[in-house]
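Undergrad: Below is the file target-v3.txt, which contains compact mmCIF, C-alpha atoms.
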# COMPACT_ATOMS: atom_id res chain seq x y z
CA MET Y 1 27.17 -6.02 18.55
CA ALA Y 2 27.61 -3.99 15.41
CA GLY Y 3 30.30 -1.75 16.79
CA ALA Y 4 31.07 -3.55 20.02
CA GLY Y 5 30.97 -7.19 21.12
CA GLY Y 6 27.92 -9.21 22.05
CA GLY Y 7 25.72 -11.38 19.88
CA ALA Y 8 22.18 -11.16 18.58
CA ASN Y 9 20.72 -12.96 21.55
CA ASP Y 10 22.55 -10.71 24.05
CA VAL Y 11 20.87 -7.74 22.42
CA GLN Y 12 17.27 -6.91 23.22
CA TRP Y 13 15.71 -5.38 20.14
CA CYS Y 14 13.00 -2.79 20.64
CA PHE Y 15 10.66 -0.95 18.32
CA SER Y 16 11.77 2.53 17.29
CA GLN Y 17 9.68 3.76 14.33
CA VAL Y 18 7.45 2.68 11.48
CA LYS Y 19 7.13 4.63 8.22
CA GLY Y 20 4.33 4.40 5.68
CA ALA Y 21 0.53 4.27 5.61
CA ILE Y 22 -1.43 1.87 7.83
CA ASP Y 23 -4.13 1.08 5.23
CA ASP Y 24 -4.89 -2.55 4.54
CA ASP Y 25 -5.34 -1.97 0.81
CA VAL Y 26 -1.82 -1.22 -0.38
CA ALA Y 27 -1.21 0.69 -3.61
CA GLU Y 28 1.19 -1.21 -5.87
CA ALA Y 29 3.36 1.91 -6.26
CA ASP Y 30 3.96 2.09 -2.48
CA ILE Y 31 5.50 -1.39 -2.17
CA ILE Y 32 9.11 -1.02 -0.97
CA SER Y 33 11.58 -2.69 -3.32
CA THR Y 34 14.99 -1.83 -1.81
CA VAL Y 35 16.49 -0.51 1.48
CA GLU Y 36 20.04 0.78 1.96
CA PHE Y 37 22.00 2.66 4.68
CA ASN Y 38 24.78 4.97 3.54
CA HIS Y 39 28.37 4.36 4.69
CA SER Y 40 28.01 6.32 7.95
CA GLY Y 41 24.48 5.13 8.69
CA GLU Y 42 23.27 8.70 9.00
CA LEU Y 43 21.07 8.34 5.90
CA LEU Y 44 18.71 5.52 5.01
CA ALA Y 45 17.27 5.25 1.49
CA THR Y 46 14.28 3.25 0.29
CA GLY Y 47 13.08 2.73 -3.27
CA ASP Y 48 9.58 1.61 -4.24
CA LYS Y 49 7.63 0.18 -7.16
CA GLY Y 50 6.41 3.67 -8.05
CA GLY Y 51 9.97 4.74 -8.96
CA ARG Y 52 10.36 6.99 -5.91
CA VAL Y 53 13.36 7.25 -3.61
CA VAL Y 54 12.76 8.36 -0.02
CA ILE Y 55 15.78 9.28 2.11
CA PHE Y 56 15.56 9.39 5.91
CA GLN Y 57 18.13 11.20 8.05
CA GLN Y 58 19.16 10.24 11.56
CA ASP Y 59 18.22 12.96 14.03
CA ILE Y 60 21.61 14.36 15.09
CA GLU Y 61 20.18 16.16 18.17
CA ASN Y 62 19.12 12.83 19.62
CA LYS Y 63 22.39 11.03 18.91
CA SER Y 64 23.83 12.07 22.28
CA GLN Y 65 20.85 10.49 24.07
CA ALA Y 66 21.24 6.75 23.69
CA GLN Y 67 17.52 6.18 24.33
CA CYS Y 68 16.34 7.80 21.12
CA ARG Y 69 19.42 7.83 18.93
CA SER Y 70 17.74 6.23 15.92
CA GLU Y 71 14.98 8.72 15.15
CA TYR Y 72 15.01 8.82 11.36
CA ASN Y 73 13.03 11.59 9.69
CA VAL Y 74 12.27 12.25 6.02
CA TYR Y 75 15.19 14.16 4.50
CA SER Y 76 14.37 14.07 0.79
CA THR Y 77 11.87 12.43 -1.55
CA PHE Y 78 12.22 12.41 -5.31
CA GLN Y 79 10.99 10.60 -8.40
CA SER Y 80 13.99 8.63 -9.63
CA HIS Y 81 12.46 6.71 -12.57
CA GLU Y 82 9.34 7.07 -14.70
CA PRO Y 83 7.52 4.30 -16.61
CA GLU Y 84 8.79 4.04 -20.19
CA PHE Y 85 7.92 2.16 -23.34
CA ASP Y 86 10.41 0.38 -25.57
CA TYR Y 87 8.89 0.85 -29.02
CA LEU Y 88 11.37 -1.46 -30.75
CA LYS Y 89 10.46 -4.41 -28.56
CA SER Y 90 6.90 -3.31 -27.67
CA LEU Y 91 7.75 -3.66 -23.99
CA GLU Y 92 6.74 -1.57 -21.03
CA ILE Y 93 9.66 -0.70 -18.74
CA GLU Y 94 8.32 -0.29 -15.25
CA GLU Y 95 9.59 2.41 -12.93
CA LYS Y 96 10.24 0.09 -9.96
CA ILE Y 97 13.56 0.76 -8.21
CA ASN Y 98 15.48 -2.54 -8.15
CA LYS Y 99 18.56 -1.39 -6.23
CA ILE Y 100 20.06 1.66 -4.53
CA ARG Y 101 23.77 1.95 -3.77
CA TRP Y 102 25.41 4.87 -1.96
CA LEU Y 103 28.79 6.22 -3.02
CA PRO Y 104 31.30 7.02 -0.25
CA GLN Y 105 30.98 10.69 0.69
CA LYS Y 106 33.71 12.96 -0.70
CA ASN Y 107 32.32 16.43 0.04
CA ALA Y 108 29.23 18.07 1.54
CA ALA Y 109 26.95 16.41 -1.03
CA GLN Y 110 25.85 12.77 -1.07
CA PHE Y 111 25.67 10.62 -4.20
CA LEU Y 112 23.68 7.46 -4.86
CA LEU Y 113 23.04 5.13 -7.78
CA SER Y 114 19.50 3.91 -8.39
CA THR Y 115 18.33 1.54 -11.09
CA ASN Y 116 15.15 0.14 -12.56
CA ASP Y 117 15.13 -2.76 -15.07
CA LYS Y 118 17.05 -0.86 -17.75
CA THR Y 119 18.46 2.51 -16.69
CA ILE Y 120 20.89 3.44 -13.90
CA LYS Y 121 20.98 7.01 -12.60
CA LEU Y 122 23.53 8.82 -10.46
CA TRP Y 123 21.82 11.27 -8.11
CA LYS Y 124 23.38 14.14 -6.19
CA ILE Y 125 21.70 14.98 -2.88
CA SER Y 126 22.77 18.43 -1.68
CA GLU Y 127 21.67 21.02 0.87
CA ARG Y 128 21.09 24.73 0.30
CA ASP Y 129 20.60 27.13 3.18
CA LYS Y 130 21.76 30.41 1.54
CA ARG Y 131 20.62 32.28 -1.52
CA PRO Y 132 22.38 35.04 -3.49
CA GLU Y 133 20.82 38.52 -3.46
CA GLY Y 134 21.73 41.89 -4.98
CA TYR Y 135 22.38 41.09 -8.65
CA ASN Y 136 23.19 44.07 -10.84
CA LEU Y 137 21.37 42.92 -13.98
CA LYS Y 138 18.42 41.10 -12.38
CA GLU Y 139 15.59 42.02 -10.06
CA GLU Y 140 14.99 39.80 -7.01
CA ASP Y 141 12.10 38.06 -8.85
CA GLY Y 142 14.44 37.13 -11.75
CA ARG Y 143 13.37 39.77 -14.31
CA TYR Y 144 16.21 41.43 -16.19
CA ARG Y 145 16.73 45.16 -15.60
CA ASP Y 146 17.19 47.72 -18.31
CA ALA Y 147 20.98 48.22 -18.48
CA SER Y 148 20.55 51.96 -19.17
CA THR Y 149 18.92 52.50 -15.76
CA ILE Y 150 21.85 50.98 -13.83
CA THR Y 151 23.95 53.76 -12.35
CA THR Y 152 25.70 51.95 -9.46
CA LEU Y 153 27.30 48.56 -9.05
CA ARG Y 154 26.35 46.28 -6.15
CA VAL Y 155 28.28 43.34 -4.74
CA PRO Y 156 25.90 40.34 -4.56
CA VAL Y 157 25.68 38.74 -1.11
CA PHE Y 158 24.48 35.40 0.29
CA ARG Y 159 21.51 35.58 2.65
CA PRO Y 160 20.35 32.73 4.96
CA MET Y 161 17.21 30.86 3.90
CA ASP Y 162 15.27 27.78 5.03
CA LEU Y 163 17.19 24.56 4.43
CA MET Y 164 16.39 23.01 1.08
CA VAL Y 165 17.47 19.49 0.10
CA GLU Y 166 17.83 19.11 -3.65
CA ALA Y 167 18.13 15.86 -5.60
CA SER Y 168 19.49 16.25 -9.12
CA PRO Y 169 20.38 13.55 -11.67
CA ARG Y 170 24.07 13.97 -12.57
CA ARG Y 171 24.51 10.98 -14.89
CA ILE Y 172 22.16 8.62 -16.73
CA PHE Y 173 23.60 5.25 -17.76
CA ALA Y 174 21.21 3.76 -20.31
CA ASN Y 175 20.92 1.35 -23.26
CA ALA Y 176 23.49 -1.18 -22.03
CA HIS Y 177 21.24 -4.01 -20.83
CA THR Y 178 19.05 -6.25 -22.96
CA TYR Y 179 17.67 -8.06 -19.90
CA HIS Y 180 16.47 -6.84 -16.52
CA ILE Y 181 19.10 -5.34 -14.19
CA ASN Y 182 19.16 -7.19 -10.86
CA SER Y 183 22.31 -5.78 -9.22
CA ILE Y 184 24.56 -2.75 -9.06
CA SER Y 185 27.73 -2.61 -6.97
CA VAL Y 186 30.19 0.24 -6.46
CA ASN Y 187 33.85 -0.72 -6.67
CA SER Y 188 36.29 0.03 -3.84
CA ASP Y 189 38.25 2.26 -6.26
CA ASN Y 190 35.24 4.62 -6.02
CA GLU Y 191 35.53 5.31 -9.74
CA THR Y 192 33.80 2.32 -11.31
CA TYR Y 193 30.75 0.16 -10.66
CA LEU Y 194 29.17 -2.94 -12.13
CA SER Y 195 25.63 -3.63 -13.24
CA ALA Y 196 24.30 -7.16 -13.78
CA ASP Y 197 21.30 -8.47 -15.67
CA ASP Y 198 20.15 -12.06 -16.27
CA LEU Y 199 22.95 -12.90 -18.72
CA ARG Y 200 25.58 -10.15 -18.66
CA ILE Y 201 27.62 -7.99 -16.29
CA ASN Y 202 28.85 -4.56 -17.39
CA LEU Y 203 31.59 -2.38 -15.91
CA TRP Y 204 31.01 1.39 -15.91
CA HIS Y 205 33.04 4.44 -15.03
CA LEU Y 206 31.03 6.86 -12.91
CA GLU Y 207 31.97 9.78 -15.18
CA ILE Y 208 31.27 8.09 -18.53
CA THR Y 209 27.69 7.38 -19.57
CA ASP Y 210 28.00 6.50 -23.26
CA ARG Y 211 30.03 3.31 -22.94
CA SER Y 212 30.50 0.37 -20.60
CA PHE Y 213 32.64 -2.75 -20.79
CA ASN Y 214 31.00 -6.14 -20.87
CA ILE Y 215 32.95 -8.24 -18.35
CA VAL Y 216 30.72 -11.34 -18.11
CA ASP Y 217 28.50 -12.79 -20.82
CA ILE Y 218 26.87 -16.18 -20.22
CA LYS Y 219 24.39 -15.93 -23.09
CA PRO Y 220 24.57 -19.12 -25.22
CA ALA Y 221 24.65 -18.84 -29.02
CA ASN Y 222 21.37 -20.74 -29.09
CA MET Y 223 18.94 -19.49 -26.44
CA GLU Y 224 17.32 -22.94 -26.28
CA GLU Y 225 20.52 -24.14 -24.59
CA LEU Y 226 20.12 -21.62 -21.75
CA THR Y 227 20.37 -23.46 -18.41
CA GLU Y 228 21.12 -20.73 -15.87
CA VAL Y 229 20.89 -16.98 -15.30
CA ILE Y 230 22.82 -14.48 -13.19
CA THR Y 231 20.87 -13.63 -10.04
CA ALA Y 232 23.19 -11.22 -8.15
CA ALA Y 233 26.67 -9.69 -8.39
CA GLU Y 234 28.92 -7.72 -6.04
CA PHE Y 235 32.40 -6.21 -5.93
CA HIS Y 236 34.83 -7.24 -3.18
CA PRO Y 237 34.87 -4.51 -0.48
CA LEU Y 238 38.68 -4.16 -0.49
CA GLN Y 239 40.10 -5.65 -3.73
CA CYS Y 240 39.04 -3.57 -6.72
CA ASN Y 241 39.88 -6.36 -9.20
CA THR Y 242 37.63 -9.01 -7.62
CA PHE Y 243 33.88 -9.54 -7.92
CA VAL Y 244 31.46 -12.43 -7.54
CA TYR Y 245 28.22 -13.36 -9.23
CA SER Y 246 25.66 -15.98 -8.27
CA SER Y 247 23.46 -18.09 -10.50
CA SER Y 248 20.07 -19.72 -10.54
CA LYS Y 249 21.85 -23.08 -10.28
CA GLY Y 250 23.13 -22.30 -6.79
CA THR Y 251 26.74 -21.63 -7.76
CA ILE Y 252 28.88 -18.57 -7.05
CA ARG Y 253 31.72 -17.58 -9.35
CA LEU Y 254 34.57 -15.36 -8.21
CA CYS Y 255 36.29 -13.48 -11.05
CA ASP Y 256 39.55 -11.54 -11.23
CA MET Y 257 39.54 -8.69 -13.72
CA ARG Y 258 43.34 -8.80 -13.94
CA ALA Y 259 43.16 -12.20 -15.65
CA SER Y 260 41.37 -11.05 -18.82
CA ALA Y 261 39.07 -8.35 -20.14
CA LEU Y 262 36.16 -10.78 -20.46
CA CYS Y 263 35.79 -12.70 -17.18
CA ASP Y 264 33.92 -15.67 -18.65
CA LYS Y 265 36.48 -17.98 -17.04
CA HIS Y 266 36.09 -17.67 -13.28
CA SER Y 267 38.98 -17.84 -10.79
CA LYS Y 268 36.95 -19.79 -8.23
CA LEU Y 269 33.67 -21.69 -8.27
CA PHE Y 270 31.82 -22.06 -4.97
CA GLU Y 271 29.37 -24.92 -5.05
CA GLU Y 272 28.04 -27.36 -2.49
CA PRO Y 273 27.30 -30.93 -3.63
CA GLU Y 274 23.58 -31.67 -3.41
CA ASP Y 275 22.35 -33.99 -0.67
CA PRO Y 276 20.62 -36.84 -2.59
CA SER Y 277 18.20 -37.44 0.30
CA ASN Y 278 16.75 -33.93 -0.15
CA ARG Y 279 16.34 -34.23 -3.93
CA SER Y 280 12.87 -33.28 -5.15
CA PHE Y 281 10.98 -31.67 -8.03
CA PHE Y 282 11.67 -28.27 -6.40
CA SER Y 283 15.42 -28.76 -5.78
CA GLU Y 284 16.53 -26.58 -8.69
CA ILE Y 285 14.13 -23.76 -7.86
CA ILE Y 286 15.01 -23.56 -4.16
CA SER Y 287 18.78 -23.79 -4.79
CA SER Y 288 18.70 -20.60 -6.88
CA ILE Y 289 20.65 -17.88 -5.04
CA SER Y 290 18.67 -14.68 -4.51
CA ASP Y 291 21.41 -12.56 -2.87
CA VAL Y 292 25.16 -12.54 -2.33
CA LYS Y 293 26.99 -10.18 0.08
CA PHE Y 294 30.65 -9.92 1.02
CA SER Y 295 31.45 -9.47 4.71
CA HIS Y 296 32.90 -6.06 5.62
CA SER Y 297 36.27 -7.74 6.22
CA GLY Y 298 36.24 -9.27 2.72
CA ARG Y 299 37.15 -12.73 4.09
CA TYR Y 300 33.68 -14.27 3.79
CA MET Y 301 30.62 -14.02 1.61
CA MET Y 302 27.05 -14.85 2.42
CA THR Y 303 24.50 -16.31 0.00
CA ARG Y 304 20.75 -16.65 0.43
CA ASP Y 305 18.73 -19.32 -1.30
CA TYR Y 306 15.03 -20.07 -0.69
CA LEU Y 307 15.42 -22.05 2.54
CA SER Y 308 18.87 -21.21 3.87
CA VAL Y 309 21.72 -18.77 4.39
CA LYS Y 310 25.25 -20.00 3.71
CA ILE Y 311 28.54 -18.39 4.72
CA TRP Y 312 31.53 -19.16 2.49
CA ASP Y 313 35.21 -18.64 3.24
CA LEU Y 314 36.79 -17.23 0.07
CA ASN Y 315 39.66 -19.69 0.57
CA MET Y 316 37.41 -22.76 0.50
CA GLU Y 317 35.29 -23.48 -2.55
CA ASN Y 318 33.91 -26.99 -2.01
CA ARG Y 319 31.41 -26.23 0.75
CA PRO Y 320 30.21 -23.37 2.98
CA VAL Y 321 31.76 -22.99 6.43
CA GLU Y 322 28.34 -22.25 7.96
CA THR Y 323 24.78 -23.10 6.91
CA TYR Y 324 21.71 -21.69 8.65
CA GLN Y 325 18.17 -22.88 7.98
CA VAL Y 326 15.90 -19.84 7.66
CA HIS Y 327 12.51 -21.57 7.52
CA GLU Y 328 13.11 -25.33 7.17
CA TYR Y 329 9.49 -25.90 8.27
CA LEU Y 330 8.44 -24.76 4.76
CA ARG Y 331 10.09 -27.77 3.07
CA SER Y 332 6.86 -29.75 3.42
CA LYS Y 333 4.89 -26.79 1.96
CA LEU Y 334 6.91 -26.36 -1.26
CA CYS Y 335 4.05 -27.65 -3.42
CA SER Y 336 1.60 -24.96 -2.31
CA LEU Y 337 4.37 -22.33 -2.36
CA TYR Y 338 5.01 -23.29 -5.98
CA GLU Y 339 1.32 -22.95 -6.82
CA ASN Y 340 1.05 -19.47 -5.32
CA ASP Y 341 4.43 -18.41 -6.85
CA CYS Y 342 5.96 -17.65 -3.44
CA ILE Y 343 8.72 -20.17 -4.19
CA PHE Y 344 10.15 -17.57 -6.60
CA ASP Y 345 10.42 -14.82 -3.94
CA LYS Y 346 13.87 -13.26 -3.76
CA PHE Y 347 14.96 -12.76 -0.17
CA GLU Y 348 17.96 -10.53 0.55
CA CYS Y 349 20.41 -10.78 3.45
CA CYS Y 350 22.79 -8.43 5.29
CA TRP Y 351 25.70 -8.43 7.77
CA ASN Y 352 25.97 -6.42 10.96
CA GLY Y 353 28.85 -3.94 11.36
CA ASN Y 354 31.45 -6.42 12.61
CA ASP Y 355 30.28 -9.48 10.62
CA SER Y 356 29.27 -11.43 13.75
CA VAL Y 357 25.53 -11.60 12.98
CA VAL Y 358 23.56 -11.89 9.74
CA MET Y 359 19.94 -11.00 9.11
CA THR Y 360 17.43 -12.11 6.50
CA GLY Y 361 13.66 -12.09 6.02
CA SER Y 362 10.93 -14.71 5.96
CA TYR Y 363 7.12 -14.93 5.72
CA ASN Y 364 4.44 -13.70 8.13
CA ASN Y 365 6.60 -10.53 8.51
CA PHE Y 366 9.19 -12.59 10.40
CA PHE Y 367 12.89 -11.87 10.10
CA ARG Y 368 15.78 -13.98 11.31
CA MET Y 369 18.92 -13.03 13.27
CA LEU Y 370 21.66 -15.65 12.86
CA GLU Y 371 24.54 -15.31 15.28
CA ARG Y 372 27.74 -16.81 13.91
CA GLY Y 373 30.01 -17.32 16.93
CA GLN Y 374 27.46 -19.06 19.15
CA ARG Y 375 25.55 -20.66 16.24
CA ARG Y 376 22.38 -19.25 17.79
CA ASP Y 377 19.41 -17.84 15.97
CA MET Y 378 16.31 -15.82 16.71
CA THR Y 379 13.04 -15.08 14.88
CA LEU Y 380 11.49 -11.62 15.34
CA GLU Y 381 8.35 -10.06 13.88
CA ALA Y 382 7.73 -6.63 12.36
CA SER Y 383 4.08 -5.87 13.04
CA ARG Y 384 1.77 -3.07 14.13
CA GLU Y 385 0.97 -5.03 17.31
CA CYS Y 386 4.57 -4.58 18.47
CA SER Y 387 4.90 -0.91 17.63
CA LYS Y 388 4.73 0.91 20.95
CA PRO Y 389 7.79 3.13 21.50
CA ARG Y 390 10.73 1.14 22.92
CA GLN Y 391 8.61 -2.04 23.14
CA VAL Y 392 10.93 -5.05 23.32
CA LEU Y 393 10.46 -7.61 20.53
CA LYS Y 394 9.64 -11.10 21.75
CA PRO Y 395 11.24 -14.01 19.86
CA ARG Y 396 8.68 -15.94 17.80
CA ARG Y 397 8.59 -19.69 17.22
CA VAL Y 398 6.95 -21.72 14.48
CA CYS Y 399 5.56 -25.18 15.18
CA ALA Y 400 6.28 -27.42 12.18
CA GLY Y 401 4.12 -30.32 13.34
CA GLY Y 402 3.01 -32.28 16.39
CA LYS Y 403 1.61 -30.61 19.49
CA ARG Y 404 1.81 -26.82 19.42
CA LYS Y 405 3.10 -25.02 22.51
CA LYS Y 406 1.35 -21.96 23.87
CA ASP Y 407 3.65 -19.32 22.37
CA GLU Y 408 4.21 -21.09 19.04
CA ILE Y 409 2.61 -20.33 15.69
CA SER Y 410 1.42 -23.17 13.49
CA VAL Y 411 3.08 -23.35 10.08
CA ASP Y 412 -0.41 -23.58 8.55
CA SER Y 413 -1.41 -20.17 9.92
CA LEU Y 414 1.56 -18.27 8.41
CA ASP Y 415 0.55 -15.47 6.04
CA PHE Y 416 2.58 -15.82 2.83
CA ASN Y 417 1.39 -12.44 1.54
CA LYS Y 418 3.27 -10.80 4.39
CA LYS Y 419 6.95 -11.19 3.60
CA ILE Y 420 10.19 -9.42 4.42
CA LEU Y 421 12.41 -9.42 1.35
CA HIS Y 422 14.54 -6.34 2.08
CA THR Y 423 16.52 -5.59 5.24
CA ALA Y 424 19.47 -3.33 6.13
CA TRP Y 425 21.78 -3.02 9.12
CA HIS Y 426 23.38 0.26 10.28
CA PRO Y 427 27.15 -0.02 9.57
CA GLU Y 428 28.20 1.07 13.07
CA GLU Y 429 25.29 0.69 15.47
CA ASN Y 430 22.62 -1.84 16.38
CA ILE Y 431 19.93 -0.22 14.29
CA ILE Y 432 18.11 -2.23 11.64
CA ALA Y 433 15.65 -1.31 8.91
CA VAL Y 434 13.12 -3.93 7.83
CA ALA Y 435 10.74 -3.46 4.90
CA THR Y 436 7.35 -5.14 5.09
CA THR Y 437 5.09 -4.66 2.04
CA ASN Y 438 4.70 -0.86 2.19
CA ASN Y 439 6.04 -0.06 5.67
CA LEU Y 440 9.58 0.50 6.85
CA TYR Y 441 10.19 -0.64 10.43
CA ILE Y 442 13.22 0.63 12.33
CA PHE Y 443 14.35 -1.34 15.40
CA GLN Y 444 17.24 -0.62 17.71
CA GLU Y 445 19.08 -2.14 20.61
CA LYS Y 446 17.34 -1.58 23.96
CA VAL Y 447 19.51 0.60 26.16
CA ASN Y 448 18.95 0.31 29.90
As structure tokens, please, write out the structure in this file.

TA:
Amino acid sequence: MAGAGGGANDVQWCFSQVKGAIDDDVAEADIISTVEFNHSGELLATGDKGGRVVIFQQDIENKSQAQCRSEYNVYSTFQSHEPEFDYLKSLEIEEKINKIRWLPQKNAAQFLLSTNDKTIKLWKISERDKRPEGYNLKEEDGRYRDASTITTLRVPVFRPMDLMVEASPRRIFANAHTYHINSISVNSDNETYLSADDLRINLWHLEITDRSFNIVDIKPANMEELTEVITAAEFHPLQCNTFVYSSSKGTIRLCDMRASALCDKHSKLFEEPEDPSNRSFFSEIISSISDVKFSHSGRYMMTRDYLSVKIWDLNMENRPVETYQVHEYLRSKLCSLYENDCIFDKFECCWNGNDSVVMTGSYNNFFRMLERGQRRDMTLEASRECSKPRQVLKPRRVCAGGKRKKDEISVDSLDFNKKILHTAWHPEENIIAVATTNNLYIFQEKVN
């Protein structure tokens, strides 16, 4: 399906692995806040609220055996961000990783960008399996030798050693955002990237840390007139001059950087007229877009709001070409979801490798597969009960009202503390990563 044909419902998904502690009492620092495959799918990175980045590597030995091709093992773990304090504003800046974005690989090393609310860092992940020995001026333990005792010259040599994976910060991009950063996106020119906060979007060069260009600024002169904020932004995968950003009002603006230096005037505005029959007190809150993602082809983009996923054709602005209800059965529960703040949860979404299926999360540790060609959909669950090796996931169904069937779950028994906000799909294979609160589940296509 990702690389080949076949839709979500033709694929049988089975459990592969689960990462993280099983404890019921979850430490705040261990809550996963972002999940991202690199461009080949060989590496999978997660960030958490404790500021840590954990990278998993696909087991190459098993790649030839289709049965266990998606064994991912810990490759590197490092502390990306630390908690800080802004003394000028008397504000604590938490270490939580908001986003991770991989750069396309250019040499043996891998590079990724990670950001918390204020500071973006470029990390280099490299391997070392040799060490130099036989220095003339230094002992093996690093002490300097007395130059007068050196009578012969040696040629230093490299000796094999155990593989070491090192993560080192190469660039720190700071002090450019007044508000909290919600998005970073690497441009297809592989030289620049954007970072977006609630009111502004900045353009950076990967080599230059002391200046960025402000390309969008929606801050009103009088903050009392503020009616919307930026919720997500992304560069087009193929056109380096094009990017989109979504707003809390449910609109998406496409901007062309060739038009002007400050892209306050959009090239296209994607907005669907509101259905008056669905108008309620919560309409504005649930129409806020929590994620926007271009398809790999660059022809479509997908947006996620609280109740639905919409697919837009970039050539048609007035309405989406496809709309999928994620959990329509929650429409009658919006009042209680508002009271427990769940209505403000920000669900992300992702495409499979060939843009034929999209995936997004829901409550009760459910996640949804939405197949575009057949207009079919499926609800699956990430839980410890379904975590035997190669156990096939059974589709789940929620009963919104009336008489409940045997295999259905009542909407009243859904656990809103268990939610899947972050998901990722391997770029070439049917392997998915799904983050529950502090666990990372990896599922793959069942191979007969």

Undergrad: Could you name the residues that touch region 199-214 of chain Y at 6 Å or less, counting all atoms listed in the file, but leaving out those on the same chain fewer than 6 positions away, as an NGL selection string?

TA: :Y and (173 or 191-193 or 229-230)

Undergrad: Using 10 Å as the limit and counting all atoms listed in the file, can you tabulate each residue of region 277-319 of chain Y that touches region 332-349 of chain Y, with its shortest atom-to-atom distance in Å and the two atoms involved, as CSV?

TA:
residue,atom,partner,partner_atom,distance
Y:Ser280,CA,Y:Leu334,CA,9.9
Y:Phe281,CA,Y:Cys335,CA,9.2
Y:Phe282,CA,Y:Leu334,CA,7.3
Y:Ser283,CA,Y:Leu334,CA,9.9
Y:Ile285,CA,Y:Ile343,CA,7.5
Y:Ile286,CA,Y:Ile343,CA,7.1
Y:Ser288,CA,Y:Phe344,CA,9.1
Y:Ile289,CA,Y:Lys346,CA,8.3
Y:Ser290,CA,Y:Lys346,CA,5.1
Y:Asp291,CA,Y:Glu348,CA,5.3
Y:Val292,CA,Y:Cys349,CA,7.7
Y:Lys293,CA,Y:Cys349,CA,7.4
Y:Met302,CA,Y:Cys349,CA,7.9
Y:Thr303,CA,Y:Cys349,CA,7.7
Y:Arg304,CA,Y:Cys349,CA,6.6
Y:Asp305,CA,Y:Phe347,CA,7.7
Y:Tyr306,CA,Y:Ile343,CA,7.2
Y:Leu307,CA,Y:Ile343,CA,9.7
Y:Val309,CA,Y:Cys349,CA,8.2

Undergrad: Calculated over all atoms listed in the file, which of the candidates Y:Leu414, Y:Ile432, Y:Val321, Y:Leu112 has the smallest distance to Arg375 (chain Y)?

TA: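 Result for the nearest residue to Arg375 (chain Y): Y:Val321.
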
Undergrad: As an exercise, work out the distance from CA of His177 (chain Y) to CA of Ile120 (chain Y) in Å and give it to one decimal place.

TA: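 Here the two named atoms are 10.2 Å from each other.
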
Undergrad: Would you mind telling me which residue in Y:Tyr144, Y:Phe367, Y:Tyr324, Y:Tyr135 lies nearest to Pro156 (chain Y) when using only C-alpha atoms?

TA: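 Residue with the minimum atom-to-atom distance to Pro156 (chain Y): Y:Tyr135.
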
Undergrad: Between CA of Val74 (chain Y) and CA of Lys130 (chain Y), measure the distance and give it in Å to one decimal.

TA: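 Going from CA of Val74 (chain Y) over to CA of Lys130 (chain Y), I get 21.0 Å.
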
Undergrad: Could you jot down the CA of Ala176 (chain Y) to CA of Ala233 (chain Y) separation for me, Å, one decimal place?

TA: 16.4 Å

Undergrad: Taking all atoms listed in the file into account, name the residue in Y:Val411, Y:Asn187, Y:Leu226, Y:Ser297 that is nearest to Val244 (chain Y).

TA: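 Of the candidates, the smallest distance to Val244 (chain Y) is held by Y:Asn187.
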
Undergrad: Point out the residue among Y:Pro276, Y:Pro389, Y:Gly250, Y:Pro427 with the least atom-to-atom distance to Asn354 (chain Y), counting all atoms listed in the file.

TA: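 Nearest to Asn354 (chain Y): Y:Pro427.
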
Undergrad: Measuring between all atoms listed in the file, which one of Y:Met164, Y:Asn365, Y:Asp217, Y:Leu421 shows the shortest distance to Tyr179 (chain Y)?

TA: Y:Asp217

Undergrad: My list of candidates is Y:Thr360, Y:Asn73, Y:Ser185, Y:Thr227. Which is closest to Gln325 (chain Y) when distances are computed with all atoms listed in the file?

TA: Y:Thr360

Undergrad: Excluding Lys138 (chain Y) and any residue of its chain fewer than 5 positions from it, enumerate the residues within 12 Å of it, using only C-alpha atoms, and give them as a CSV table (one decimal) with C-alpha atoms, keeping the file's coordinate frame.

TA:
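Written output follows (result-v2.csv):
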chain,number,residue,atom,x,y,z
Y,132,PRO,CA,22.4,35.0,-3.5
Y,133,GLU,CA,20.8,38.5,-3.5
Y,143,ARG,CA,13.4,39.8,-14.3
Y,144,TYR,CA,16.2,41.4,-16.2
Y,145,ARG,CA,16.7,45.2,-15.6
Y,146,ASP,CA,17.2,47.7,-18.3
Y,147,ALA,CA,21.0,48.2,-18.5
Y,149,THR,CA,18.9,52.5,-15.8
Y,150,ILE,CA,21.8,51.0,-13.8
Y,154,ARG,CA,26.4,46.3,-6.2
Y,156,PRO,CA,25.9,40.3,-4.6

Undergrad: Could you list, as a PyMOL selection string, every residue within 10 Å of region 84-86 of chain Y, counting all atoms listed in the file and ignoring same-chain residues fewer than 5 positions away?

TA: chain Y and resi 91-95+118
